[in-house]
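Raw entry.cif, mmCIF, C-alpha atoms and all ligand atoms:
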data_upload
#
loop_
_atom_site.label_atom_id
_atom_site.label_comp_id
_atom_site.auth_asym_id
_atom_site.auth_seq_id
_atom_site.Cartn_x
_atom_site.Cartn_y
_atom_site.Cartn_z
CA MET P 179 -0.91 -9.61 25.49
CA SER P 180 2.39 -11.10 24.40
CA VAL P 181 4.84 -9.03 22.40
CA THR P 182 5.59 -10.51 18.99
CA ASP P 183 9.25 -11.03 18.12
CA LEU P 184 10.67 -11.58 14.66
CA ASP P 185 10.77 -15.37 14.93
CA SER P 186 7.16 -15.74 15.99
CA TYR P 187 6.16 -13.23 13.31
CA LEU P 188 7.92 -15.29 10.65
CA GLU P 189 6.30 -18.47 11.99
CA SER P 190 2.85 -16.88 11.77
CA PHE P 191 2.98 -17.19 7.98
CA ASP P 192 1.16 -20.48 7.95
CA GLY P 193 -0.32 -20.64 4.44
CA GLU P 194 0.23 -23.28 1.77
CA PRO P 195 3.64 -23.33 0.04
CA GLY P 196 3.72 -21.65 -3.36
CA TYR P 197 2.09 -18.31 -2.55
CA LEU P 198 4.05 -15.48 -4.18
CA ASP P 199 1.25 -12.98 -4.73
CA TRP P 200 1.34 -10.73 -1.67
CA ALA P 201 1.14 -7.65 -3.91
CA ALA P 202 -2.33 -8.81 -4.95
CA PHE P 203 -3.73 -10.16 -1.70
CA GLY P 204 -2.24 -11.08 1.66
CA PRO P 205 -3.67 -14.20 3.27
CA LEU P 206 -4.97 -13.15 6.70
CA SER P 207 -2.64 -13.74 9.65
CA PRO P 208 -3.64 -16.13 12.46
CA ALA P 209 -3.91 -13.23 14.93
CA VAL P 210 -6.17 -11.29 12.57
CA ARG P 211 -8.40 -14.33 12.03
CA ALA P 212 -8.70 -14.98 15.75
CA GLU P 213 -9.47 -11.32 16.53
CA ALA P 214 -12.08 -11.15 13.78
CA GLN P 215 -13.84 -14.24 15.10
CA ALA P 216 -13.86 -12.98 18.68
CA ASP P 217 -15.13 -9.52 17.68
CA THR P 218 -17.82 -11.00 15.46
CA GLU P 219 -19.14 -12.83 18.52
CA LEU P 220 -19.04 -9.62 20.58
CA LEU P 221 -21.04 -7.78 17.92
CA GLY P 222 -23.62 -10.56 18.06
CA SER P 223 -24.14 -10.24 21.80
CA GLY P 224 -26.54 -7.30 21.87
CA ARG P 225 -24.63 -5.70 24.76
CA ARG P 226 -23.66 -2.07 24.44
CA THR P 227 -20.37 -2.64 26.28
CA SER P 228 -19.42 -5.33 23.75
CA ILE P 229 -20.27 -3.08 20.82
CA GLU P 230 -18.17 -0.30 22.37
CA LEU P 231 -15.31 -2.69 22.99
CA VAL P 232 -15.11 -3.51 19.29
CA ALA P 233 -15.51 0.17 18.33
CA GLU P 234 -12.44 0.97 20.47
CA HIS P 235 -10.29 -0.72 17.85
CA SER P 236 -10.73 2.30 15.57
CA ARG P 237 -8.84 4.50 18.03
CA GLU P 238 -6.26 1.77 18.57
CA ALA P 239 -5.73 1.37 14.80
CA ARG P 240 -5.25 5.12 14.33
CA GLU P 241 -2.74 5.27 17.19
CA LEU P 242 -0.72 2.36 15.80
CA LEU P 243 -0.79 3.88 12.31
CA ALA P 244 0.49 7.11 13.82
CA VAL P 245 3.44 5.23 15.35
CA LEU P 246 4.37 3.73 11.98
CA LEU P 247 3.85 7.03 10.16
CA GLY P 248 5.75 9.10 12.73
CA THR P 249 2.80 11.33 13.56
CA ASP P 250 -0.09 11.55 16.02
CA ALA P 251 -3.57 10.07 15.71
CA SER P 252 -5.21 13.43 14.88
CA HIS P 253 -3.48 13.30 11.50
CA VAL P 254 -4.78 9.80 10.71
CA VAL P 255 -8.24 8.81 9.52
CA LEU P 256 -9.52 5.31 8.73
CA GLN P 257 -10.88 4.72 5.24
CA PRO P 258 -12.65 1.90 3.41
CA SER P 259 -9.65 1.59 1.08
CA THR P 260 -6.58 3.32 -0.35
CA THR P 261 -8.59 4.68 -3.25
CA TYR P 262 -11.09 6.42 -0.96
CA GLY P 263 -8.27 8.21 0.84
CA LEU P 264 -6.64 9.26 -2.42
CA MET P 265 -9.96 10.55 -3.75
CA HIS P 266 -10.40 12.74 -0.67
CA ALA P 267 -6.97 14.23 -1.36
CA ILE P 268 -7.30 14.64 -5.11
CA TYR P 269 -10.82 16.07 -5.22
CA GLY P 270 -9.76 18.72 -2.72
CA LEU P 271 -6.72 19.93 -4.69
CA ALA P 272 -6.36 23.01 -6.84
CA GLY P 273 -3.86 23.54 -9.67
CA GLY P 274 -1.48 21.22 -11.50
CA LEU P 275 -1.32 17.64 -10.26
CA MET P 276 1.71 15.73 -11.54
CA LEU P 277 1.43 11.94 -11.74
CA GLY P 278 2.58 8.96 -13.80
CA ARG P 279 0.41 7.64 -16.64
CA GLY P 280 1.32 4.17 -15.50
CA GLU P 281 0.22 4.62 -11.90
CA PHE P 282 -2.38 2.23 -10.47
CA PRO P 283 -5.80 3.53 -11.59
CA SER P 284 -6.67 4.69 -8.07
CA LEU P 285 -4.64 7.79 -8.92
CA THR P 286 -5.16 8.15 -12.67
CA VAL P 287 -8.93 7.71 -12.60
CA ALA P 288 -9.42 10.03 -9.62
CA ALA P 289 -7.26 12.72 -11.26
CA THR P 290 -9.15 12.47 -14.54
CA ARG P 291 -12.62 12.43 -12.96
CA ALA P 292 -11.81 15.30 -10.61
CA ALA P 293 -10.45 17.37 -13.47
CA ASP P 294 -13.51 16.65 -15.63
CA ALA P 295 -16.08 17.22 -12.89
CA LEU P 296 -14.62 20.15 -10.99
CA GLY P 297 -12.13 21.71 -13.35
CA SER P 298 -10.06 22.68 -10.33
CA ILE P 299 -7.09 20.47 -11.09
CA GLU P 300 -5.06 19.99 -14.20
CA PRO P 301 -3.35 16.58 -14.52
CA GLN P 302 0.30 16.82 -15.60
CA TRP P 303 1.17 13.36 -16.87
CA LEU P 304 4.62 11.79 -16.53
CA GLU P 305 5.49 9.02 -18.99
CA PRO P 306 9.01 7.73 -18.32
CA VAL P 307 9.85 4.78 -20.58
CA ASP P 308 10.62 2.45 -17.67
CA GLY P 309 7.64 3.69 -15.65
CA MET P 310 9.81 4.77 -12.70
CA ILE P 311 9.00 8.12 -11.14
CA THR P 312 12.51 9.21 -10.19
CA PRO P 313 13.51 12.63 -8.82
CA ASP P 314 15.06 13.46 -12.23
CA VAL P 315 11.84 12.65 -14.09
CA VAL P 316 9.89 14.92 -11.75
CA ARG P 317 12.47 17.73 -11.84
CA ALA P 318 12.43 17.82 -15.63
CA ALA P 319 8.64 18.08 -15.78
CA LEU P 320 7.91 20.57 -12.98
CA THR P 321 6.21 23.81 -14.00
CA ASP P 322 5.17 26.91 -12.11
CA ASP P 323 1.62 25.55 -12.18
CA THR P 324 2.49 22.27 -10.45
CA ARG P 325 0.84 22.27 -7.03
CA ALA P 326 1.17 18.59 -6.12
CA LEU P 327 2.87 15.33 -7.02
CA ALA P 328 1.01 12.04 -6.55
CA VAL P 329 3.14 8.90 -6.62
CA SER P 330 3.18 5.28 -5.47
CA LEU P 331 5.63 4.45 -2.71
CA VAL P 332 6.15 1.14 -4.50
CA ASP P 333 5.08 0.79 -8.13
CA PHE P 334 2.60 -2.08 -8.49
CA ARG P 335 4.06 -3.07 -11.88
CA THR P 336 7.85 -2.75 -11.60
CA GLY P 337 8.32 -2.89 -7.82
CA TYR P 338 10.32 0.38 -7.98
CA ARG P 339 10.36 2.10 -4.57
CA ALA P 340 10.18 5.87 -4.81
CA ASP P 341 12.66 7.99 -2.90
CA LEU P 342 10.29 10.20 -0.91
CA THR P 343 13.09 12.26 0.62
CA ALA P 344 14.58 13.10 -2.77
CA LEU P 345 11.15 13.79 -4.30
CA ARG P 346 10.44 16.25 -1.49
CA ASP P 347 13.73 18.01 -2.22
CA VAL P 348 12.77 18.33 -5.88
CA ILE P 349 9.20 19.59 -5.40
CA GLY P 350 9.94 22.10 -2.62
CA ASP P 351 6.79 23.11 -0.78
CA ARG P 352 4.35 21.56 -3.25
CA LEU P 353 2.16 18.76 -1.89
CA LEU P 354 3.42 15.16 -1.97
CA ILE P 355 0.61 12.61 -2.07
CA VAL P 356 1.67 8.99 -1.64
CA ASP P 357 -0.16 5.78 -2.47
CA ALA P 358 1.67 3.57 0.02
CA ILE P 359 -0.31 0.34 -0.24
CA GLN P 360 2.52 -1.68 -1.80
CA GLY P 361 5.11 -0.71 0.80
CA PHE P 362 3.45 0.30 4.06
CA GLY P 363 4.35 -2.05 6.90
CA THR P 364 7.22 -3.70 5.03
CA VAL P 365 9.72 -0.94 4.33
CA ASP P 366 10.96 2.07 6.26
CA ALA P 367 9.84 5.06 4.19
CA ASP P 368 10.38 8.74 4.93
CA TYR P 369 6.72 9.55 5.57
CA ALA P 370 7.76 12.86 7.11
CA ALA P 371 8.52 13.95 3.54
CA ALA P 372 4.89 13.33 2.50
CA ASP P 373 1.77 15.43 2.99
CA VAL P 374 -0.75 12.66 2.36
CA VAL P 375 -0.16 8.91 2.73
CA CYS P 376 -2.87 6.38 1.90
CA GLY P 377 -2.90 2.61 2.18
CA ASN P 378 -4.90 -0.50 2.94
CA GLY P 379 -4.21 -3.60 4.99
CA TYR P 380 -5.38 -6.39 2.70
CA LYS P 381 -2.02 -7.05 1.05
CA TRP P 382 1.19 -6.77 3.08
CA LEU P 383 -0.53 -6.23 6.44
CA ARG P 384 -2.54 -9.48 6.23
CA ALA P 385 -5.59 -7.70 7.66
CA GLY P 386 -8.24 -8.25 5.00
CA ARG P 387 -10.21 -5.69 3.00
CA GLY P 388 -11.87 -2.61 4.44
CA THR P 389 -8.72 -1.68 6.40
CA GLY P 390 -7.80 1.52 4.55
CA PHE P 391 -6.28 4.60 6.14
CA ALA P 392 -5.00 8.05 5.28
CA PHE P 393 -2.51 10.45 6.84
CA PHE P 394 -3.01 14.18 6.24
CA GLY P 395 -0.12 16.33 7.44
CA ASP P 396 -0.48 19.95 8.52
CA ARG P 397 0.23 21.39 5.07
CA ALA P 398 -2.35 19.03 3.56
CA LEU P 399 -4.92 20.04 6.18
CA GLU P 400 -4.33 23.69 5.27
CA GLN P 401 -4.33 23.30 1.50
CA ILE P 402 -6.67 20.42 0.65
CA ALA P 403 -10.37 21.18 0.85
CA PRO P 404 -12.40 18.35 2.41
CA VAL P 405 -14.73 18.26 -0.60
CA LEU P 406 -16.05 14.78 0.14
CA SER P 407 -16.44 15.33 3.89
CA GLY P 408 -19.51 13.61 5.32
CA PHE P 409 -21.32 13.64 8.65
CA ALA P 410 -18.48 11.67 10.27
CA GLY P 411 -16.03 14.40 9.25
CA VAL P 412 -16.96 16.81 12.04
CA ASP P 413 -15.85 17.19 15.64
CA GLY P 414 -18.13 16.23 18.49
CA GLY P 415 -20.54 13.52 17.43
CA LEU P 416 -23.54 13.43 15.15
CA PRO P 417 -24.29 16.91 13.73
CA LEU P 418 -28.06 17.32 13.90
CA ASP P 419 -30.24 20.26 12.83
CA ALA P 420 -27.23 22.38 11.90
CA VAL P 421 -24.20 21.62 9.75
CA PRO P 422 -20.91 22.53 11.43
CA ALA P 423 -17.62 23.10 9.62
CA PRO P 424 -15.52 20.01 8.86
CA ALA P 425 -13.11 18.93 11.60
CA SER P 426 -9.75 20.70 11.55
CA SER P 427 -7.99 17.31 11.89
CA ALA P 428 -7.67 14.46 9.37
CA GLN P 429 -11.11 13.36 10.54
CA ALA P 430 -12.49 15.95 8.07
CA PHE P 431 -11.73 13.38 5.37
CA ALA P 432 -14.30 10.90 6.66
CA VAL P 433 -17.72 10.20 5.20
CA SER P 434 -19.71 7.96 7.55
CA GLY P 435 -19.08 5.43 10.32
CA ILE P 436 -16.14 3.09 9.90
CA ASP P 437 -16.39 -0.72 10.01
CA SER P 438 -15.20 -1.56 13.51
CA LEU P 439 -14.53 -5.20 12.59
CA ALA P 440 -12.18 -4.02 9.88
CA ALA P 441 -10.51 -1.63 12.34
CA ALA P 442 -10.06 -4.54 14.76
CA ARG P 443 -8.32 -6.59 12.06
CA LEU P 444 -6.13 -3.63 11.14
CA ALA P 445 -5.16 -2.87 14.76
CA THR P 446 -4.26 -6.51 15.36
CA SER P 447 -2.01 -6.67 12.34
CA LEU P 448 -0.37 -3.31 13.11
CA ARG P 449 0.37 -4.27 16.71
CA GLU P 450 2.47 -7.20 15.51
CA ILE P 451 4.34 -5.01 13.03
CA VAL P 452 5.05 -2.32 15.62
CA ASP P 453 6.30 -5.02 18.03
CA VAL P 454 8.61 -6.62 15.48
CA GLY P 455 9.81 -3.31 14.03
CA ILE P 456 9.88 -2.16 10.40
CA ALA P 457 13.68 -2.35 10.17
CA ALA P 458 13.72 -6.09 10.94
CA ILE P 459 10.84 -6.72 8.50
CA GLU P 460 12.55 -4.72 5.74
CA THR P 461 15.81 -6.66 6.15
CA GLU P 462 14.00 -10.01 5.95
CA LEU P 463 11.98 -8.96 2.94
CA ALA P 464 15.09 -7.76 1.10
CA ALA P 465 16.55 -11.23 1.63
CA ARG P 466 13.43 -12.91 0.17
CA THR P 467 13.32 -10.63 -2.88
CA GLY P 468 17.07 -11.17 -3.23
CA ASP P 469 16.39 -14.93 -3.37
CA VAL P 470 13.83 -14.41 -6.14
CA MET P 471 16.35 -12.31 -8.09
CA TYR P 472 19.02 -14.97 -7.56
CA PHE P 473 16.91 -17.61 -9.30
CA ALA P 474 15.88 -15.21 -12.07
CA ASP P 475 19.57 -14.44 -12.76
CA ARG P 476 20.56 -18.07 -12.59
CA TYR P 477 18.04 -19.00 -15.28
CA GLU P 478 18.55 -15.79 -17.24
CA VAL P 479 15.10 -14.32 -16.87
CA PRO P 480 15.35 -10.50 -17.08
CA VAL P 481 14.33 -8.53 -13.95
CA VAL P 482 12.99 -4.97 -14.24
CA THR P 483 12.90 -4.28 -10.50
CA PRO P 484 15.86 -2.22 -9.24
CA ARG P 485 18.67 -4.22 -7.65
CA GLU P 486 19.40 -1.80 -4.78
CA PRO P 487 17.44 -2.92 -1.70
CA GLU P 488 16.43 0.67 -0.91
CA ARG P 489 14.77 1.04 -4.33
CA ARG P 490 12.57 -2.06 -4.00
CA ALA P 491 10.21 -3.59 -1.44
CA GLY P 492 8.37 -6.91 -1.83
CA ILE P 493 7.75 -6.98 -5.59
CA VAL P 494 10.16 -8.53 -8.10
CA THR P 495 8.99 -8.20 -11.68
CA LEU P 496 10.28 -10.52 -14.38
CA ALA P 497 10.20 -9.39 -18.01
CA PRO P 498 10.72 -12.50 -20.14
CA GLU P 499 11.13 -12.25 -23.91
CA PRO P 500 7.63 -12.06 -25.45
CA GLN P 501 7.76 -15.66 -26.69
CA ASP P 502 8.84 -16.83 -23.21
CA ALA P 503 6.05 -15.23 -21.20
CA ALA P 504 3.43 -17.95 -21.68
CA PRO P 505 5.80 -20.91 -21.08
CA LEU P 506 7.21 -19.21 -17.98
CA ALA P 507 3.74 -18.53 -16.60
CA ALA P 508 2.75 -22.12 -17.34
CA SER P 509 5.80 -23.54 -15.59
CA LEU P 510 5.11 -21.42 -12.50
CA ALA P 511 1.48 -22.57 -12.44
CA ASN P 512 2.48 -26.21 -12.96
CA HIS P 513 4.76 -25.99 -9.95
CA GLY P 514 1.89 -24.75 -7.79
CA LEU P 515 3.08 -21.14 -7.61
CA THR P 516 0.69 -18.20 -7.40
CA VAL P 517 1.96 -14.99 -9.06
CA THR P 518 0.41 -12.18 -11.11
CA VAL P 519 0.95 -12.30 -14.88
CA ARG P 520 -0.07 -9.10 -16.67
CA SER P 521 0.93 -7.60 -20.04
CA GLY P 522 3.79 -10.07 -20.46
CA LEU P 523 5.28 -9.26 -17.04
CA VAL P 524 5.43 -11.77 -14.22
CA ARG P 525 5.09 -10.16 -10.80
CA VAL P 526 6.58 -12.25 -8.02
CA ALA P 527 5.80 -11.01 -4.53
CA PRO P 528 7.12 -12.95 -1.53
CA HIS P 529 6.62 -11.82 2.07
CA VAL P 530 9.00 -12.17 4.99
CA GLY P 531 7.49 -15.53 5.95
CA THR P 532 7.80 -17.04 2.49
CA GLY P 533 9.58 -20.30 3.26
CA ALA P 534 12.51 -22.11 1.68
CA ASN P 535 10.07 -24.69 0.25
CA THR P 536 8.28 -22.00 -1.77
CA LEU P 537 11.55 -20.55 -3.04
CA ARG P 538 12.72 -24.05 -3.98
CA LEU P 539 9.53 -24.54 -6.00
CA PHE P 540 10.21 -21.21 -7.68
CA GLY P 541 13.75 -22.32 -8.59
CA ASP P 542 12.41 -25.65 -9.90
CA ALA P 543 9.82 -23.83 -12.03
CA LEU P 544 12.47 -21.57 -13.55
CA ALA P 545 14.80 -24.55 -14.14
CA ALA P 546 12.03 -26.44 -15.95
CA PHE P 547 11.17 -23.36 -18.01
CA SER P 548 14.83 -22.77 -18.83
CA SER P 549 15.55 -26.32 -19.97
CA ALA P 550 12.60 -26.23 -22.37
CA ARG P 551 13.46 -22.75 -23.69
CA VAL P 552 14.37 -22.38 -27.36
CA TRP P 553 17.22 -19.88 -27.70
C1 LIG V 1 -0.51 0.79 -6.09
C2 LIG V 1 -1.91 0.43 -5.75
N1 LIG V 1 -2.76 1.40 -5.37
C3 LIG V 1 -4.03 1.13 -5.04
C4 LIG V 1 -4.54 -0.15 -5.10
C5 LIG V 1 -5.97 -0.38 -4.75
O1 LIG V 1 -6.12 -0.17 -3.38
P1 LIG V 1 -7.51 -0.21 -2.64
O2 LIG V 1 -8.18 -1.51 -3.01
O3 LIG V 1 -7.12 -0.18 -1.19
O4 LIG V 1 -8.28 0.98 -3.03
C6 LIG V 1 -3.70 -1.19 -5.50
C7 LIG V 1 -4.20 -2.56 -5.59
O5 LIG V 1 -3.59 -3.45 -6.12
C8 LIG V 1 -2.35 -0.89 -5.83
O6 LIG V 1 -1.49 -1.84 -6.20
#
What does this structure look like when you write it as structure tokens?
Ligand SMILES: Cc1ncc(COP(=O)(O)O)c(C=O)c1O
Amino acid sequence: MSVTDLDSYLESFDGEPGYLDWAAFGPLSPAVRAEAQADTELLGSGRRTSIELVAEHSREARELLAVLLGTDASHVVLQPSTTYGLMHAIYGLAGGLMLGRGEFPSLTVAATRAADALGSIEPQWLEPVDGMITPDVVRAALTDDTRALAVSLVDFRTGYRADLTALRDVIGDRLLIVDAIQGFGTVDADYAAADVVCGNGYKWLRAGRGTGFAFFGDRALEQIAPVLSGFAGVDGGLPLDAVPAPASSAQAFAVSGIDSLAAARLATSLREIVDVGIAAIETELAARTGDVMYFADRYEVPVVTPREPERRAGIVTLAPEPQDAAPLAASLANHGLTVTVRSGLVRVAPHVGTGANTLRLFGDALAAFSSARVW
């Protein structure tokens, strides 16, 4: 198997020009598509060896995740999605759970439902005006009852990248639960500062849906009860006629068998990322988001995403004046650009392979919007 270098990784972004919506969905990479087709054929063969060959990708995916997370595979468990992993963590908590009101609903809904159903956690809502969960915001709100902080690595709305190291310093030995889907595989985060990290591969990893995963560190394994643990959450195969205790590893946070085709897609995408290296990917991505900010500044469209490269990842969010939002969205659509427009904000999300042609289209769209703007 050839080792992917940065150039061939960049060239593997072979989609149509105009796609700036990687924070919503990542078009599948050529390697992922090829692997999925080959494994689909293997699963159609009716040979046990072929079925086992595809199933092997689950172990491979966990090992590659462990490399990127700086841990070992026993602390990693595959999941159907980010939300499933977060629910395992949140339903098993006790005490005060601090989290932002504006977080993606994976966190807010799970916290509310778990509190209502079990009464074991008490949500402690953070509501900073700009939506950014900074160390200062957390410090000011901490109470003696706070047992855990749940936060997005990269905020899906503003693109703000949390400072995990600083958050750990602020919360001490409380649990840090991270929804990493908008940053995993594109930026170098301090996962060692986190107790739980959940993500999915269908955005930035280009691996398609069903490629979720969760890391549970030692403190999380000690303190979080595997409330939703199913028959796959035990050591040593199918538990029949007696019900053993949940596994002592992250595998405790599994329900039933994992989709091996999804694991194959995930492993394929992760192998490329491990080969290229997160540092190189992060540098490239900062250049692409810098390009988006350059055009926004040039045409005087306000940007809410932080300017410092270490406080952003792949999302640049534009906040046009209310009367400008619809014309801006229309101009982007007319120029063949795909972005997410929500609540008056325009979320622009390039990836490392976003080409000069797409960025030129983006500049043209902003120029056209700007020349028609009524000041
Ligand atoms: C921050 C964040 N968390 C979670 C999700 C949902 O993840 P999943 O579909 O893997 O459960 C999204 C999807 O956009 C997201 O942006």
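Inspection of the environment of ligand LIG 1 (chain V), which uses all atoms listed in the file and a cut-off of 8 Å, identifies the neighbouring residues as Ala201, Ala202, Pro258, Ser259, Thr260, Thr261, Tyr262, Glu281, Phe282, Pro283, Ser284, Leu285, Ser330, Leu331, Val332, Asp333, Phe334, Asp357, Ala358, Ile359, Gln360, Gly377, Asn378, Gly379, Tyr380, Arg387, Gly388, Thr389 and Gly390 of chain P.
Within the 7 Å cut-off around Leu275 of chain P, using all atoms listed in the file and omitting residues fewer than 6 positions from it on the same chain, the listed residues are Ile299, Glu300, Pro301, Gln302, Thr324, Arg325, Ala326 and Leu327 of chain P.
When the distance limit is 7 Å and only C-alpha atoms are what count, the residues near segment 370-373 of chain P, minus those fewer than 4 positions from it on the same chain, are Leu342, Thr343, Arg346, Leu353, Leu354, Ile355, Val356, Phe394, Gly395, Arg397 and Ala398 of chain P.
We find atom CA of Val452 of chain P and atom CA of Thr218 of chain P to be spaced 24.5 Å apart.
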* Separation of atom CA of Glu230 of chain P from atom CA of Asp437 of chain P in Å -> 12.5 Å
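The smallest atom-to-atom distance between Arg490 of chain P and any of P:Lys381, P:His529, P:Arg520, P:Arg339, using only C-alpha atoms, is found for P:Arg339.
Distance-wise, atom CA of Val374 of chain P and atom CA of Thr182 of chain P end up 29.2 Å apart.
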* **Polymer residues at most 12 Å from segment 203-208 of chain P, only C-alpha atoms, same-chain spacing of 2 or more positions, as a ChimeraX atom specification** => /P:186-194,197-201,210-215,359-360,378-387,443-444,446-448,450-451,492,516-518,527-532
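With all atoms listed in the file as the basis for measurement, P:Gly297 is the residue among P:Gly280, P:Gly224, P:Gly297, P:Pro480 that approaches Ile268 of chain P most closely.
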* What lies within 7 Å of Leu523 of chain P using all atoms listed in the file, ignoring chain neighbours under 6 positions off, as a PyMOL selection string? -> chain P and resi 495-497
Residue selection dump (C-alpha atoms) as a PDB file, keeping the file's coordinate frame:
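Once written, again_25.pdb looks like this:
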ATOM      1  CA  THR P 495       8.990  -8.200 -11.680  1.00  0.00           C
ATOM      2  CA  LEU P 496      10.280 -10.520 -14.380  1.00  0.00           C
ATOM      3  CA  ALA P 497      10.200  -9.390 -18.010  1.00  0.00           C
TER       4      ALA P 497
END
Using only C-alpha atoms, determine which residues lie at most 12 Å from Glu219 of chain P, disregarding the query and same-chain residues fewer than 6 positions distant; provide the list as a PDB file with C-alpha atoms, in the frame of the given file.
ATOM      1  CA  ALA P 212      -8.700 -14.980  15.750  1.00  0.00           C
ATOM      2  CA  GLU P 213      -9.470 -11.320  16.530  1.00  0.00           C
ATOM      3  CA  ARG P 225     -24.630  -5.700  24.760  1.00  0.00           C
ATOM      4  CA  SER P 228     -19.420  -5.330  23.750  1.00  0.00           C
ATOM      5  CA  ILE P 229     -20.270  -3.080  20.820  1.00  0.00           C
ATOM      6  CA  LEU P 231     -15.310  -2.690  22.990  1.00  0.00           C
ATOM      7  CA  VAL P 232     -15.110  -3.510  19.290  1.00  0.00           C
ATOM      8  CA  LEU P 439     -14.530  -5.200  12.590  1.00  0.00           C
TER       9      LEU P 439
END
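Of the listed residues P:Glu400, P:Asp475, P:Asp366, P:Glu499, the one whose atoms come nearest to Leu463 of chain P is P:Asp366, with distances taken using all atoms listed in the file.
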* Structure fact -> Using all atoms listed in the file, the best pick from P:Ala440, P:Ala233, P:Leu399, P:Ile459 as closest to Pro424 of chain P would be P:Leu399
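Proximity of P:Ser509, P:Val470, P:Phe409, P:Ala464 to Arg551 of chain P, computed with all atoms listed in the file, is greatest for P:Ser509.
Taking all atoms listed in the file into account, Met310 of chain P lies nearest to P:Val482 out of the set P:Asp347, P:Val482, P:Leu264, P:Arg525.
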